Amino acid sequence: MAVEDWDPSSWTSKPIKQDVVYEDVQGVQASLAKLQKLPPLVTTQEIATLKKSLKNVALGKAFVLQGGDCAELFDYCNQDMIEAKVKLLLQMSLVLIWGANMPVVRIARIAGQFAKPRSSPMEVVNGIEMPSFRGDNINGFDATPESRRPDPSRLVSAYFHSAATLNYLRASLSSGLADLHSPLDWGLGHVITPSIKEKYERIVSRVKDALRFMQTVGIDTDRGVETVDIYTSHEGLLLEYEQSLTRLLKDPIPPQPHQPTAVHPSTTTTTTTTSKPTAPTKSYYATSSHFLWIGDRTRQLNGAHVEFFRGIANPVGIKIGPSMTPTELTQILDVVNPAREIGKVTLISRYGAAKIAAHLPAQIAAVQASGHLPVWQCDPMHGNTQTTPSGVKTRDFNDILSELRQALAIHRAAGSFLGGMHLELTGEAVTECVGGAAGLTEEGLGERYTTFCDPRLNEKQALELAFLVAGFYRELDESDDMNSI
């Protein structure tokens with residue numbers, strides 16, 4: 001149901017962080033007017049299905065894998081790069097299903113992850129002060145004052161690049177890209193580490209054996225294994241854009257249960273009980289994506305972003321870092337999710353390997369005491385960013401793995417469930433994060449360092465991480481089995 005004291009523009013009455021100042025005011029209005037007339041990028045039924053899946057995650061019945069580029073570029077809207085990301089997420093999810101022994105909800109940072117928050121709106125390049133690069137939907141990366149000037153026409157370009165990406169994503173999945181009958185066809189890209197290939201092929205072999213067994217005993221394996229759902233997500237940073245794509249739409253009506261026949265005690269006559277059909281209700285949906293999140297820099301309780309997010313029916317995420325107190329966390333949950341819908345909110349923790357033990361236990365305890373039941377997700381990327389002596393931003397694979405392992409242990413000790421991980425990754429053979437089985441060092445970062453913002457895991461590192469996390473869950477299952485004896 002729509003929130004009574006809210007409308008898509010109510011955020012404009014609140015203080016805002018990370019806003020964009022355009023010189024071309026008329027151009028902004030023209031672009032926003034155009035966006036308001038365009039059709040939604042996603043449907044309410046897709047959003048409702050994701051909400052149901054995330055409820056299962058919050059209840060400990062599923063795991064969510066979220067990953068993709070730090071800052072998506074318009075140039076990434078091409079067949080090879082879309083397929084590489086999708087195949088990597090499919091491979092990782094297959095490994096996690098094997099390890100955690102539960103369904104995996106797949107959410108990609110794709111088809112809209114263009115805007116990025118920056119520590120400063122301005123920077124100095126070659127002695128010239130100019131606006132910082134804020135993402136392809138705001139300005140250009142080329143370090144010239146003209147390129148860096150915010151361009152409102154990029155808002156419309158962002159919509160059409162998102163639409164094209166979504167179109168190819170849906171077409172690929174419906175055409176059998178994710179068919180579990182042939183998971184080796186997903187390919188392993190540039191993964192040449194023998195141990196990773198062997199482990200993946202071993203899992204694939206087990207999947208094929210299971211499918212052959214089901215076919216032999218007459219179970220239809222064509223249903224549910226030929227395709228999967230992959231949902232889209234991005235940080236809801238640019239509120240003018242999000243408002244323009246917010247629609248008041250009918251909520252999906254669940255199927256009505258079968259009405260049984262009733263026999264009245266005083267007579268042998270049977271009658272069919274009837275009930276009034278559920279009347280359709282309406283809610284505001286942000287139709288730019290299935291899932292949006294609030295960044296750690298824009299989560300002010302009385303700020304514009306929290307105001308916007310409290311009124312949309314989508315499942316939403318909130319990034320939480322070391323600067324958020326337990327009290328602030330429960331307050332923002334009360335504002336964004338007053339009805340306490342299970343799984344409506346995903347808490348994306350991003351502390352860093354060295355800080356997680358000092359902050360996460362108190363956050364979990366506060367949420368448990370509040371009565372909220374969110375999805376807990378670990379983002380082991382943002383808290384582990386470092387700069388090399390030569391000035392290159394990177395992340396260490398061991399720190400990423402350590403934060404994930406600690407998060408799993410802390411949640412388990414608190415009687416909570418770590419329901420997922422949130423990663424910045426790419427299906428390309430980039431050299432941006434050090435470590436991993438391939439042993440990438442700081443000296444090798446320059447080989448293919450292509451990110452326009454933060455360093456991402458490459459396909460080898462991402463798949464290796466999936467195996468290691470799957471191994472953690474396997475160890476926990478074996479430990480539970482031993483304790484039950």
# chains A, B, ... in the order shown; residues from 1 in each chain; ligands from 1

$ residues_around --residues "A:His372" --least-positions-apart "5" --cutoff "9 Å" --atoms "only C-alpha atoms" --output "list in words"
Thr330, Leu333, Asp334, Asn337, Arg340, Glu341, Ile342, Gly343 and Val367 of chain A

$ residues_around --residues "A:Val434" --least-positions-apart "2" --cutoff "6 Å" --atoms "only C-alpha atoms" --output "ChimeraX atom specification"
/A:396,440-441

$ write_last_selection --atoms "N, CA and C atoms" --output "CSV table (one decimal), in the first residue's frame"
chain,number,residue,atom,x,y,z
A,396,ASP,N,43.1,-6.5,-1.1
A,396,ASP,CA,43.8,-7.8,-0.9
A,396,ASP,C,42.8,-8.9,-0.7
A,440,LEU,N,48.5,-12.6,-7.7
A,440,LEU,CA,48.7,-11.3,-8.3
A,440,LEU,C,49.3,-10.4,-7.2
A,441,THR,N,50.4,-9.7,-7.6
A,441,THR,CA,51.1,-8.8,-6.7
A,441,THR,C,50.9,-7.4,-7.1

$ residues_around --residues "stretch 47-64 of chain A" --least-positions-apart "3" --cutoff "8 Å" --atoms "only C-alpha atoms" --output "PDB file with C-alpha atoms, in the first residue's frame"
ATOM      1  CA  VAL A  42      11.138  -3.718 -14.446  1.00  0.00           C
ATOM      2  CA  THR A  43       7.703  -5.025 -13.485  1.00  0.00           C
ATOM      3  CA  THR A  44       5.905  -5.182 -10.159  1.00  0.00           C
ATOM      4  CA  ALA A 100      25.424 -24.008   1.388  1.00  0.00           C
ATOM      5  CA  MET A 102      20.197 -24.033  -0.289  1.00  0.00           C
ATOM      6  CA  PRO A 103      18.772 -21.915  -3.133  1.00  0.00           C
ATOM      7  CA  VAL A 104      20.747 -18.866  -4.228  1.00  0.00           C
ATOM      8  CA  VAL A 105      19.095 -15.551  -5.124  1.00  0.00           C
ATOM      9  CA  ARG A 106      21.128 -13.801  -7.828  1.00  0.00           C
ATOM     10  CA  ILE A 107      21.221 -10.000  -7.950  1.00  0.00           C
ATOM     11  CA  TYR A 231      17.604  -9.421 -10.729  1.00  0.00           C
ATOM     12  CA  PRO A 252       0.530  -8.159  -7.737  1.00  0.00           C
ATOM     13  CA  HIS A 290      14.395  -4.498  -8.865  1.00  0.00           C
ATOM     14  CA  PHE A 291      16.569  -3.616  -5.875  1.00  0.00           C
ATOM     15  CA  ASN A 314      10.812  -2.436  -3.616  1.00  0.00           C
ATOM     16  CA  PRO A 315      13.109  -4.440  -1.403  1.00  0.00           C
ATOM     17  CA  ILE A 342      10.546  -9.784   6.842  1.00  0.00           C
ATOM     18  CA  GLY A 343      13.343  -9.413   4.283  1.00  0.00           C
ATOM     19  CA  LYS A 344      12.130  -6.006   3.048  1.00  0.00           C
ATOM     20  CA  LEU A 373      14.215  -9.445  10.632  1.00  0.00           C
ATOM     21  CA  PRO A 374      16.315  -8.159   7.720  1.00  0.00           C
ATOM     22  CA  VAL A 375      18.612  -9.940   5.322  1.00  0.00           C
ATOM     23  CA  TRP A 376      22.204  -9.702   6.554  1.00  0.00           C
ATOM     24  CA  GLN A 377      24.723  -9.414   3.750  1.00  0.00           C
ATOM     25  CA  PHE A 417      22.104 -15.842   9.731  1.00  0.00           C
ATOM     26  CA  GLY A 419      22.356 -14.496   4.207  1.00  0.00           C
ATOM     27  CA  GLY A 420      24.655 -13.321   1.458  1.00  0.00           C
ATOM     28  CA  MET A 421      27.644 -11.500   0.082  1.00  0.00           C
TER      29      MET A 421
END

$ residues_around --residues "A:Asp296" --least-positions-apart "6" --cutoff "10 Å" --atoms "only C-alpha atoms" --output "ChimeraX atom specification"
/A:117,318-324,348-350

$ closest_residue --among "A:Trp6, A:Trp11, A:Tyr449, A:Trp98" --to "A:Tyr200" --atoms "only C-alpha atoms"
A:Trp98
